[in-house]
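Text of work-v9.json (JSON, C-alpha atoms) as supplied:
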```json
[["chain", "number", "residue", "atom", "x", "y", "z"],
["A", 1, "MET", "CA", 89.23, 85.72, 74.91],
["A", 2, "SER", "CA", 91.10, 88.87, 75.99],
["A", 3, "ASN", "CA", 89.52, 91.37, 78.37],
["A", 4, "THR", "CA", 89.17, 93.97, 75.58],
["A", 5, "ALA", "CA", 87.58, 91.48, 73.19],
["A", 6, "ALA", "CA", 85.18, 90.33, 75.92],
["A", 7, "LEU", "CA", 84.04, 93.92, 76.53],
["A", 8, "ILE", "CA", 83.53, 94.57, 72.81],
["A", 9, "VAL", "CA", 81.50, 91.36, 72.42],
["A", 10, "THR", "CA", 79.50, 92.39, 75.50],
["A", 11, "GLY", "CA", 78.73, 95.76, 73.88],
["A", 12, "LEU", "CA", 77.65, 94.14, 70.61],
["A", 13, "VAL", "CA", 75.36, 91.70, 72.41],
["A", 14, "ILE", "CA", 73.81, 94.59, 74.36],
["A", 15, "MET", "CA", 73.28, 96.52, 71.11],
["A", 16, "LEU", "CA", 71.54, 93.65, 69.33],
["A", 17, "THR", "CA", 69.38, 92.60, 72.27],
["A", 18, "ASN", "CA", 68.31, 96.15, 73.07],
["A", 19, "ALA", "CA", 67.27, 96.57, 69.44],
["A", 20, "ILE", "CA", 64.92, 93.64, 70.09],
["A", 21, "GLU", "CA", 63.62, 95.26, 73.27],
["A", 22, "GLY", "CA", 63.13, 98.54, 71.44],
["A", 23, "VAL", "CA", 60.73, 96.75, 69.10],
["A", 24, "THR", "CA", 58.86, 94.48, 71.50],
["A", 25, "GLY", "CA", 59.33, 95.89, 75.01],
["A", 26, "PHE", "CA", 60.99, 92.72, 76.30],
["A", 27, "GLY", "CA", 63.71, 90.23, 75.48],
["A", 28, "SER", "CA", 67.02, 92.06, 75.93],
["A", 29, "ALA", "CA", 68.17, 90.62, 79.26],
["A", 30, "VAL", "CA", 66.92, 87.07, 78.75],
["A", 31, "ILE", "CA", 68.68, 86.79, 75.38],
["A", 32, "ALA", "CA", 71.84, 88.63, 76.43],
["A", 33, "LEU", "CA", 72.43, 86.86, 79.74],
["A", 34, "PRO", "CA", 73.81, 83.55, 78.41],
["A", 35, "PHE", "CA", 76.37, 85.41, 76.29],
["A", 36, "LEU", "CA", 77.34, 87.95, 78.97],
["A", 37, "ASN", "CA", 77.65, 85.13, 81.48],
["A", 38, "PHE", "CA", 80.40, 83.82, 79.20],
["A", 39, "THR", "CA", 82.14, 87.20, 78.60],
["A", 40, "VAL", "CA", 81.96, 88.93, 82.02],
["A", 41, "GLY", "CA", 80.48, 86.41, 84.48],
["A", 42, "LEU", "CA", 76.99, 86.02, 85.92],
["A", 43, "HIS", "CA", 77.01, 88.65, 88.68],
["A", 44, "LEU", "CA", 78.44, 91.44, 86.52],
["A", 45, "ALA", "CA", 76.13, 90.41, 83.66],
["A", 46, "VAL", "CA", 73.01, 90.59, 85.84],
["A", 47, "LYS", "CA", 73.88, 94.01, 87.28],
["A", 48, "SER", "CA", 74.90, 95.58, 83.98],
["A", 49, "LEU", "CA", 71.80, 94.24, 82.23],
["A", 50, "CYS", "CA", 69.63, 95.53, 85.07],
["A", 51, "PHE", "CA", 71.17, 98.99, 84.61],
["A", 52, "PHE", "CA", 70.42, 99.05, 80.89],
["A", 53, "GLY", "CA", 67.05, 97.43, 81.59],
["A", 54, "TRP", "CA", 66.37, 100.48, 83.75],
["A", 55, "LEU", "CA", 67.33, 102.99, 81.04],
["A", 56, "VAL", "CA", 65.36, 101.45, 78.16],
["A", 57, "PRO", "CA", 61.95, 101.85, 79.83],
["A", 58, "ILE", "CA", 62.70, 105.50, 80.67],
["A", 59, "TYR", "CA", 63.19, 106.20, 76.97],
["A", 60, "ILE", "CA", 60.09, 104.27, 75.85],
["A", 61, "ILE", "CA", 57.85, 105.71, 78.58],
["A", 62, "ALA", "CA", 59.01, 109.26, 77.84],
["A", 63, "ARG", "CA", 57.78, 108.80, 74.26],
["A", 64, "SER", "CA", 54.56, 106.84, 74.89],
["A", 65, "TYR", "CA", 53.50, 107.26, 78.54],
["A", 66, "LYS", "CA", 49.96, 108.29, 77.56],
["A", 67, "HIS", "CA", 49.37, 104.80, 76.17],
["A", 68, "ILE", "CA", 50.17, 102.87, 79.37],
["A", 69, "ASN", "CA", 47.36, 100.47, 80.30],
["A", 70, "TRP", "CA", 47.30, 101.17, 84.04],
["A", 71, "ARG", "CA", 44.77, 98.44, 84.77],
["A", 72, "ASP", "CA", 47.00, 95.68, 83.41],
["A", 73, "PHE", "CA", 50.14, 97.33, 84.76],
["A", 74, "GLY", "CA", 48.66, 97.22, 88.27],
["A", 75, "SER", "CA", 47.58, 93.60, 87.91],
["A", 76, "ILE", "CA", 50.97, 92.49, 86.57],
["A", 77, "LEU", "CA", 52.86, 94.38, 89.29],
["A", 78, "LEU", "CA", 50.58, 92.97, 92.01],
["A", 79, "TRP", "CA", 51.42, 89.39, 91.02],
["A", 80, "CYS", "CA", 55.09, 89.95, 90.08],
["A", 81, "ALA", "CA", 56.19, 92.00, 93.07],
["A", 82, "PRO", "CA", 56.05, 89.22, 95.72],
["A", 83, "GLY", "CA", 58.34, 87.07, 93.57],
["A", 84, "VAL", "CA", 61.12, 89.68, 93.24],
["A", 85, "PRO", "CA", 62.55, 89.37, 96.80],
["A", 86, "VAL", "CA", 62.31, 85.58, 96.52],
["A", 87, "GLY", "CA", 64.44, 85.69, 93.37],
["A", 88, "MET", "CA", 66.96, 88.10, 94.91],
["A", 89, "LEU", "CA", 67.31, 85.75, 97.90],
["A", 90, "LEU", "CA", 67.87, 82.72, 95.65],
["A", 91, "PHE", "CA", 70.46, 84.66, 93.64],
["A", 92, "GLY", "CA", 72.45, 85.26, 96.82],
["A", 93, "LEU", "CA", 72.18, 81.70, 98.15],
["A", 94, "LEU", "CA", 72.44, 79.24, 95.25],
["A", 95, "PRO", "CA", 75.61, 78.55, 93.19],
["A", 96, "ALA", "CA", 75.62, 80.42, 89.88],
["A", 97, "ALA", "CA", 75.87, 77.27, 87.73],
["A", 98, "TYR", "CA", 72.75, 75.74, 89.32],
["A", 99, "LEU", "CA", 70.81, 78.96, 88.88],
["A", 100, "CYS", "CA", 71.87, 79.11, 85.23],
["A", 101, "VAL", "CA", 70.72, 75.53, 84.62],
["A", 102, "LEU", "CA", 67.31, 76.38, 86.09],
["A", 103, "LEU", "CA", 67.03, 79.57, 84.08],
["A", 104, "GLY", "CA", 68.18, 77.81, 80.91],
["A", 105, "ALA", "CA", 65.50, 75.16, 81.33],
["A", 106, "PHE", "CA", 62.85, 77.85, 81.91],
["A", 107, "MET", "CA", 64.01, 79.74, 78.82],
["A", 108, "VAL", "CA", 63.77, 76.64, 76.62],
["A", 109, "TYR", "CA", 60.26, 75.92, 77.90],
["A", 110, "VAL", "CA", 59.06, 79.50, 77.42],
["A", 111, "GLY", "CA", 60.71, 79.80, 74.01],
["A", 112, "VAL", "CA", 59.22, 76.58, 72.65],
["A", 113, "SER", "CA", 55.75, 77.03, 74.18],
["A", 114, "GLY", "CA", 55.58, 80.71, 73.15],
["A", 115, "TRP", "CA", 56.68, 79.95, 69.58],
["A", 116, "ARG", "CA", 54.22, 77.07, 69.23],
["A", 117, "GLY", "CA", 51.40, 79.10, 70.78],
["A", 118, "MET", "CA", 51.91, 81.99, 68.37],
["A", 119, "ARG", "CA", 52.08, 79.64, 65.42],
["A", 120, "ARG", "CA", 48.71, 78.15, 66.41],
["A", 121, "LYS", "CA", 46.87, 81.40, 67.00],
["A", 122, "ALA", "CA", 48.03, 84.94, 66.37],
["A", 123, "GLY", "CA", 46.22, 87.36, 68.65],
["A", 124, "GLY", "CA", 43.05, 85.27, 68.87],
["A", 125, "TYR", "CA", 42.97, 85.09, 72.67],
["A", 126, "ASP", "CA", 40.30, 86.97, 74.63],
["A", 127, "PRO", "CA", 42.08, 89.54, 76.88],
["A", 128, "GLU", "CA", 39.44, 89.11, 79.60],
["A", 129, "LEU", "CA", 40.16, 85.38, 79.77],
["A", 130, "ALA", "CA", 43.84, 86.18, 80.36],
["A", 131, "ARG", "CA", 42.99, 88.59, 83.16],
["A", 132, "ARG", "CA", 40.92, 85.94, 84.96],
["A", 133, "SER", "CA", 43.29, 82.99, 84.42],
["A", 134, "LYS", "CA", 44.92, 81.74, 87.65],
["A", 135, "LEU", "CA", 47.55, 79.86, 85.63],
["A", 136, "LEU", "CA", 48.59, 83.03, 83.83],
["A", 137, "LYS", "CA", 48.76, 84.89, 87.16],
["A", 138, "LEU", "CA", 51.08, 82.15, 88.44],
["A", 139, "SER", "CA", 53.31, 82.84, 85.46],
["A", 140, "LEU", "CA", 53.47, 86.48, 86.62],
["A", 141, "PHE", "CA", 54.71, 85.40, 90.05],
["A", 142, "CYS", "CA", 57.33, 83.18, 88.40],
["A", 143, "GLY", "CA", 58.30, 86.16, 86.26],
["A", 144, "GLY", "CA", 58.86, 88.16, 89.45],
["A", 145, "VAL", "CA", 61.09, 85.42, 90.89],
["A", 146, "ILE", "CA", 63.21, 85.21, 87.74],
["A", 147, "GLN", "CA", 63.28, 89.02, 87.44],
["A", 148, "GLY", "CA", 64.53, 89.29, 91.02],
["A", 149, "ALA", "CA", 67.25, 86.71, 90.46],
["A", 150, "PHE", "CA", 68.42, 87.53, 86.94],
["A", 151, "GLY", "CA", 66.57, 90.62, 85.69],
["A", 152, "THR", "CA", 65.13, 88.38, 82.95],
["A", 153, "GLY", "CA", 61.58, 87.60, 84.05],
["A", 154, "GLY", "CA", 60.16, 88.97, 80.80],
["A", 155, "PRO", "CA", 59.26, 85.66, 79.14],
["A", 156, "PHE", "CA", 56.98, 84.66, 82.01],
["A", 157, "VAL", "CA", 55.32, 88.08, 82.11],
["A", 158, "VAL", "CA", 54.94, 87.96, 78.32],
["A", 159, "ILE", "CA", 52.91, 84.75, 78.64],
["A", 160, "TYR", "CA", 50.27, 86.90, 80.35],
["A", 161, "ALA", "CA", 50.82, 90.24, 78.62],
["A", 162, "ALA", "CA", 50.78, 88.87, 75.07],
["A", 163, "LYS", "CA", 47.21, 87.69, 75.71],
["A", 164, "ALA", "CA", 45.93, 90.57, 77.86],
["A", 165, "LEU", "CA", 47.57, 93.31, 75.74],
["A", 166, "PRO", "CA", 47.27, 92.29, 72.07],
["A", 167, "ASP", "CA", 48.10, 95.79, 70.76],
["A", 168, "LYS", "CA", 51.89, 95.99, 70.30],
["A", 169, "SER", "CA", 52.27, 99.62, 71.40],
["A", 170, "LEU", "CA", 50.22, 99.12, 74.59],
["A", 171, "PHE", "CA", 52.17, 95.91, 75.17],
["A", 172, "ARG", "CA", 55.54, 97.65, 74.84],
["A", 173, "VAL", "CA", 54.96, 100.73, 76.98],
["A", 174, "THR", "CA", 53.01, 98.90, 79.72],
["A", 175, "LEU", "CA", 55.76, 96.30, 80.11],
["A", 176, "SER", "CA", 58.34, 99.11, 80.06],
["A", 177, "MET", "CA", 56.62, 100.70, 83.05],
["A", 178, "LEU", "CA", 56.81, 97.36, 84.87],
["A", 179, "TRP", "CA", 60.54, 96.93, 84.15],
["A", 180, "LEU", "CA", 61.21, 100.49, 85.33],
["A", 181, "VAL", "CA", 59.56, 99.88, 88.69],
["A", 182, "ILE", "CA", 61.09, 96.44, 89.28],
["A", 183, "ASN", "CA", 64.62, 97.31, 88.13],
["A", 184, "SER", "CA", 64.55, 100.52, 90.18],
["A", 185, "SER", "CA", 63.78, 98.46, 93.29],
["A", 186, "ARG", "CA", 66.56, 95.97, 92.51],
["A", 187, "MET", "CA", 69.13, 98.69, 91.93],
["A", 188, "ALA", "CA", 68.07, 100.46, 95.14],
["A", 189, "ALA", "CA", 68.58, 97.20, 97.08],
["A", 190, "TRP", "CA", 72.04, 96.70, 95.55],
["A", 191, "LEU", "CA", 72.94, 100.32, 96.31],
["A", 192, "VAL", "CA", 71.97, 99.94, 99.97],
["A", 193, "ARG", "CA", 74.08, 96.76, 100.20],
["A", 194, "GLY", "CA", 77.05, 98.41, 98.48],
["A", 195, "GLU", "CA", 76.96, 96.03, 95.52],
["A", 196, "LEU", "CA", 77.21, 98.72, 92.82],
["A", 197, "SER", "CA", 80.72, 99.88, 93.70],
["A", 198, "ASP", "CA", 82.63, 97.36, 91.56],
["A", 199, "PRO", "CA", 84.83, 99.37, 89.12],
["A", 200, "MET", "CA", 84.55, 96.57, 86.55],
["A", 201, "LEU", "CA", 80.76, 96.94, 86.52],
["A", 202, "TRP", "CA", 81.01, 100.63, 85.63],
["A", 203, "LYS", "CA", 83.70, 99.92, 83.04],
["A", 204, "ILE", "CA", 81.30, 97.48, 81.33],
["A", 205, "ILE", "CA", 78.48, 100.04, 81.48],
["A", 206, "LEU", "CA", 80.66, 102.89, 80.15],
["A", 207, "ILE", "CA", 82.04, 100.89, 77.22],
["A", 208, "SER", "CA", 78.64, 99.35, 76.40],
["A", 209, "PHE", "CA", 76.68, 102.61, 76.59],
["A", 210, "PRO", "CA", 77.21, 103.67, 72.92],
["A", 211, "PHE", "CA", 76.28, 100.14, 71.80],
["A", 212, "TRP", "CA", 73.15, 100.26, 73.97],
["A", 213, "ALA", "CA", 72.11, 103.65, 72.55],
["A", 214, "ALA", "CA", 72.57, 102.46, 68.96],
["A", 215, "GLY", "CA", 70.52, 99.31, 69.62],
["A", 216, "LEU", "CA", 67.73, 101.25, 71.31],
["A", 217, "LEU", "CA", 67.43, 103.76, 68.46],
["A", 218, "LEU", "CA", 67.42, 100.93, 65.91],
["A", 219, "GLY", "CA", 64.72, 99.07, 67.81],
["A", 220, "ASP", "CA", 62.59, 102.18, 68.15],
["A", 221, "TYR", "CA", 62.92, 102.78, 64.40],
["A", 222, "LEU", "CA", 61.84, 99.22, 63.62],
["A", 223, "HIS", "CA", 58.94, 99.19, 66.11],
["A", 224, "ASN", "CA", 56.48, 100.79, 63.70],
["A", 225, "ARG", "CA", 57.87, 99.06, 60.61],
["A", 226, "ALA", "CA", 58.50, 95.43, 61.53],
["A", 227, "SER", "CA", 55.82, 92.75, 61.59],
["A", 228, "GLU", "CA", 55.16, 92.28, 65.30],
["A", 229, "TYR", "CA", 53.90, 88.73, 64.83],
["A", 230, "HIS", "CA", 56.92, 87.45, 62.94],
["A", 231, "PHE", "CA", 59.35, 89.40, 65.09],
["A", 232, "LYS", "CA", 57.94, 87.84, 68.27],
["A", 233, "LEU", "CA", 58.24, 84.42, 66.69],
["A", 234, "GLY", "CA", 61.92, 85.19, 66.19],
["A", 235, "VAL", "CA", 62.29, 86.41, 69.78],
["A", 236, "TYR", "CA", 60.76, 83.22, 71.18],
["A", 237, "LEU", "CA", 63.12, 81.22, 68.99],
["A", 238, "LEU", "CA", 66.11, 83.20, 70.28],
["A", 239, "ILE", "CA", 64.96, 82.70, 73.86],
["A", 240, "GLY", "CA", 64.85, 78.94, 73.32],
["A", 241, "VAL", "CA", 68.25, 78.81, 71.62],
["A", 242, "SER", "CA", 69.88, 81.04, 74.26],
["A", 243, "GLY", "CA", 68.35, 78.94, 77.02],
["A", 244, "SER", "CA", 69.72, 75.78, 75.43],
["A", 245, "VAL", "CA", 73.22, 77.26, 75.34],
["A", 246, "MET", "CA", 73.01, 78.36, 78.99],
["A", 247, "PHE", "CA", 71.56, 75.02, 80.13],
["A", 248, "LEU", "CA", 74.13, 72.84, 78.37],
["A", 249, "ASN", "CA", 77.17, 75.01, 79.23],
["A", 250, "ASN", "CA", 76.37, 75.12, 82.93],
["A", 251, "LEU", "CA", 75.33, 71.48, 83.08],
["A", 252, "ARG", "CA", 78.82, 70.70, 81.79],
["A", 253, "LEU", "CA", 80.31, 72.87, 84.57],
["A", 254, "ILE", "CA", 78.34, 71.00, 87.22],
["A", 255, "PHE", "CA", 79.13, 67.48, 86.02],
["A", 256, "GLY", "CA", 82.33, 68.17, 84.07]]
```

Go through the file and emit its structure as structure tokens.
Amino acid sequence: MSNTAALIVTGLVIMLTNAIEGVTGFGSAVIALPFLNFTVGLHLAVKSLCFFGWLVPIYIIARSYKHINWRDFGSILLWCAPGVPVGMLLFGLLPAAYLCVLLGAFMVYVGVSGWRGMRRKAGGYDPELARRSKLLKLSLFCGGVIQGAFGTGGPFVVIYAAKALPDKSLFRVTLSMLWLVINSSRMAAWLVRGELSDPMLWKIILISFPFWAAGLLLGDYLHNRASEYHFKLGVYLLIGVSGSVMFLNNLRLIFG
């Protein structure tokens, strides 16, 4: 694939995945990463997705900030935050292929378990049970680790948030506030370390920006029109398929 074709494919992937995030409040980075890993490489993919993952919440919060559930936001942040530096450390120490195999396996698990869970019971979980569950709080910590490493901890946070925040609009804007805080901290750390000076990174961002904007506007349009239940089923399915692709491709790199 030529460099120009890779950048166009990158932009299209960002457009489609940000349309998903515009509807649900999560999903763009975790679905886009396997494809951007192929087109531009893991490190550039993570940083460019983090940048767009920083812009999306600003847009959503500006429109719906009055609906943020601060109680659940604080609880999610409290459990996620300690995992972020752990993930950033792992990202700097472990080979990319091994990290991708781990993330791919996590994505398959979350995709399958989330899809099956929604098929069994749609919104029938008591939010207070979610807020007291130690297992669900552990999933928040894992989400922080994966968010720190890849900017894609959403699926683990969604395990908790989908049960504690059954209303789709509260769900979307509260998670958006979380992504804004976490991605701001990651970008600040990269800026201090001088890791945002790569010209190729800014070329990817510049070319992808119109695609991102189109996807975000489409997702925002669909948010109040699409069936949240069926759309989330589709998102979990995409997470599982994307994770399978990432897992198998990088397993082949390790043993190939």

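Residue nearest A:Trp79 within the list A:Leu233, A:Leu102, A:Leu33, A:Val157: A:Val157 [criterion: smallest interatomic distance, all atoms listed in the file].
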
Residues near A:Leu16, anyone? I mean within 10 Å using all atoms listed in the file, not counting same-chain ones fewer than 2 positions away, as a PyMOL selection string. chain A and resi 11-14+18-22+28+31-32+211-212+214-216+218-219

Could the residues in this selection be written to a file with C-alpha atoms, as a PDB file, in the coordinates of the input?
```pdb
ATOM      1  CA  GLY A  11      78.730  95.760  73.880  1.00  0.00           C
ATOM      2  CA  LEU A  12      77.650  94.140  70.610  1.00  0.00           C
ATOM      3  CA  VAL A  13      75.360  91.700  72.410  1.00  0.00           C
ATOM      4  CA  ILE A  14      73.810  94.590  74.360  1.00  0.00           C
ATOM      5  CA  ASN A  18      68.310  96.150  73.070  1.00  0.00           C
ATOM      6  CA  ALA A  19      67.270  96.570  69.440  1.00  0.00           C
ATOM      7  CA  ILE A  20      64.920  93.640  70.090  1.00  0.00           C
ATOM      8  CA  GLU A  21      63.620  95.260  73.270  1.00  0.00           C
ATOM      9  CA  GLY A  22      63.130  98.540  71.440  1.00  0.00           C
ATOM     10  CA  SER A  28      67.020  92.060  75.930  1.00  0.00           C
ATOM     11  CA  ILE A  31      68.680  86.790  75.380  1.00  0.00           C
ATOM     12  CA  ALA A  32      71.840  88.630  76.430  1.00  0.00           C
ATOM     13  CA  PHE A 211      76.280 100.140  71.800  1.00  0.00           C
ATOM     14  CA  TRP A 212      73.150 100.260  73.970  1.00  0.00           C
ATOM     15  CA  ALA A 214      72.570 102.460  68.960  1.00  0.00           C
ATOM     16  CA  GLY A 215      70.520  99.310  69.620  1.00  0.00           C
ATOM     17  CA  LEU A 216      67.730 101.250  71.310  1.00  0.00           C
ATOM     18  CA  LEU A 218      67.420 100.930  65.910  1.00  0.00           C
ATOM     19  CA  GLY A 219      64.720  99.070  67.810  1.00  0.00           C
TER      20      GLY A 219
END
```

Once 3 Å is added on each side, what are the centre and the three edge lengths, in Å to one decimal, of the axis-aligned box enclosing the listed atoms of stretch 27-46 of chain A? Present them as lines of an AutoDock Vina configuration file.
```
center_x = 72.9
center_y = 87.8
center_z = 82.0
size_x = 24.4
size_y = 14.5
size_z = 19.3
```

Kindly provide, as a VMD selection string, the polymer residues lying within 10 Å of (61.6, 81.4, 68.9), counting all atoms listed in the file and using the coordinates exactly as they appear in the file. chain A and resid 108 110 to 116 118 230 to 242

Would you kindly return, as a list of chain:residue names, each protein, DNA or RNA residue with an atom no farther than 8 Å from any atom of A:Arg172, considering only C-alpha atoms and excluding same-chain residues fewer than 2 positions away? A:Val23, A:Thr24, A:Gly25, A:Phe26, A:Lys168, A:Ser169, A:Leu170, A:Thr174, A:Leu175, A:Ser176

Please save C-alpha atoms of the selected residues as a PDB file, in the frame of the given file.
```pdb
ATOM      1  CA  VAL A  23      60.730  96.750  69.100  1.00  0.00           C
ATOM      2  CA  THR A  24      58.860  94.480  71.500  1.00  0.00           C
ATOM      3  CA  GLY A  25      59.330  95.890  75.010  1.00  0.00           C
ATOM      4  CA  PHE A  26      60.990  92.720  76.300  1.00  0.00           C
ATOM      5  CA  LYS A 168      51.890  95.990  70.300  1.00  0.00           C
ATOM      6  CA  SER A 169      52.270  99.620  71.400  1.00  0.00           C
ATOM      7  CA  LEU A 170      50.220  99.120  74.590  1.00  0.00           C
ATOM      8  CA  THR A 174      53.010  98.900  79.720  1.00  0.00           C
ATOM      9  CA  LEU A 175      55.760  96.300  80.110  1.00  0.00           C
ATOM     10  CA  SER A 176      58.340  99.110  80.060  1.00  0.00           C
TER      11      SER A 176
END
```

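Picture a line from atom CA of A:Arg132 to atom CA of A:Ile182; it runs 23.1 Å.
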
Measuring between only C-alpha atoms, which one of A:Gly92, A:Gly117, A:Pro127, A:Gly144 shows the shortest distance to A:Trp190? A:Gly92

Could you jot down the atom CA of A:Leu222 to atom CA of A:Ile61 separation for me, Å, one decimal place? 16.8 Å

Because the input lacks atoms here, generate all heavy atoms for stretch 236-244 of chain A and report them as a short mmCIF file (atom, residue, chain, number, x, y, z; two decimals), in the frame of the given file.
```cif
data_model
loop_
_atom_site.label_atom_id
_atom_site.label_comp_id
_atom_site.auth_asym_id
_atom_site.auth_seq_id
_atom_site.Cartn_x
_atom_site.Cartn_y
_atom_site.Cartn_z
N TYR A 236 60.96 84.47 70.45
CA TYR A 236 60.76 83.22 71.18
C TYR A 236 61.78 82.17 70.74
O TYR A 236 62.28 81.39 71.56
CB TYR A 236 59.34 82.69 70.96
CG TYR A 236 58.30 83.35 71.84
CD1 TYR A 236 57.19 83.99 71.29
CD2 TYR A 236 58.42 83.32 73.22
CE1 TYR A 236 56.23 84.59 72.10
CE2 TYR A 236 57.47 83.91 74.04
CZ TYR A 236 56.38 84.55 73.47
OH TYR A 236 55.44 85.14 74.28
N LEU A 237 62.11 82.16 69.47
CA LEU A 237 63.12 81.22 68.99
C LEU A 237 64.48 81.52 69.61
O LEU A 237 65.19 80.61 70.07
CB LEU A 237 63.20 81.29 67.46
CG LEU A 237 64.22 80.36 66.79
CD1 LEU A 237 63.88 78.90 67.09
CD2 LEU A 237 64.25 80.60 65.29
N LEU A 238 64.84 82.81 69.66
CA LEU A 238 66.11 83.20 70.28
C LEU A 238 66.15 82.87 71.76
O LEU A 238 67.18 82.46 72.30
CB LEU A 238 66.34 84.70 70.07
CG LEU A 238 66.81 85.13 68.69
CD1 LEU A 238 66.81 86.66 68.58
CD2 LEU A 238 68.20 84.59 68.40
N ILE A 239 65.02 83.05 72.44
CA ILE A 239 64.96 82.70 73.86
C ILE A 239 65.24 81.21 74.05
O ILE A 239 66.01 80.81 74.92
CB ILE A 239 63.58 83.06 74.46
CG1 ILE A 239 63.44 84.59 74.57
CG2 ILE A 239 63.38 82.41 75.83
CD1 ILE A 239 62.05 85.04 74.96
N GLY A 240 64.62 80.38 73.21
CA GLY A 240 64.85 78.94 73.32
C GLY A 240 66.27 78.54 73.02
O GLY A 240 66.87 77.72 73.74
N VAL A 241 66.87 79.13 71.98
CA VAL A 241 68.25 78.81 71.62
C VAL A 241 69.21 79.28 72.71
O VAL A 241 70.13 78.54 73.13
CB VAL A 241 68.62 79.44 70.26
CG1 VAL A 241 70.11 79.31 69.99
CG2 VAL A 241 67.81 78.79 69.14
N SER A 242 69.02 80.51 73.20
CA SER A 242 69.88 81.04 74.26
C SER A 242 69.77 80.20 75.53
O SER A 242 70.77 79.93 76.20
CB SER A 242 69.51 82.50 74.56
OG SER A 242 69.66 83.31 73.43
N GLY A 243 68.54 79.79 75.86
CA GLY A 243 68.35 78.94 77.02
C GLY A 243 69.05 77.60 76.88
O GLY A 243 69.62 77.08 77.84
N SER A 244 69.03 77.05 75.67
CA SER A 244 69.72 75.78 75.43
C SER A 244 71.22 75.91 75.66
O SER A 244 71.85 75.05 76.28
CB SER A 244 69.45 75.30 74.00
OG SER A 244 68.09 75.10 73.77
#
```
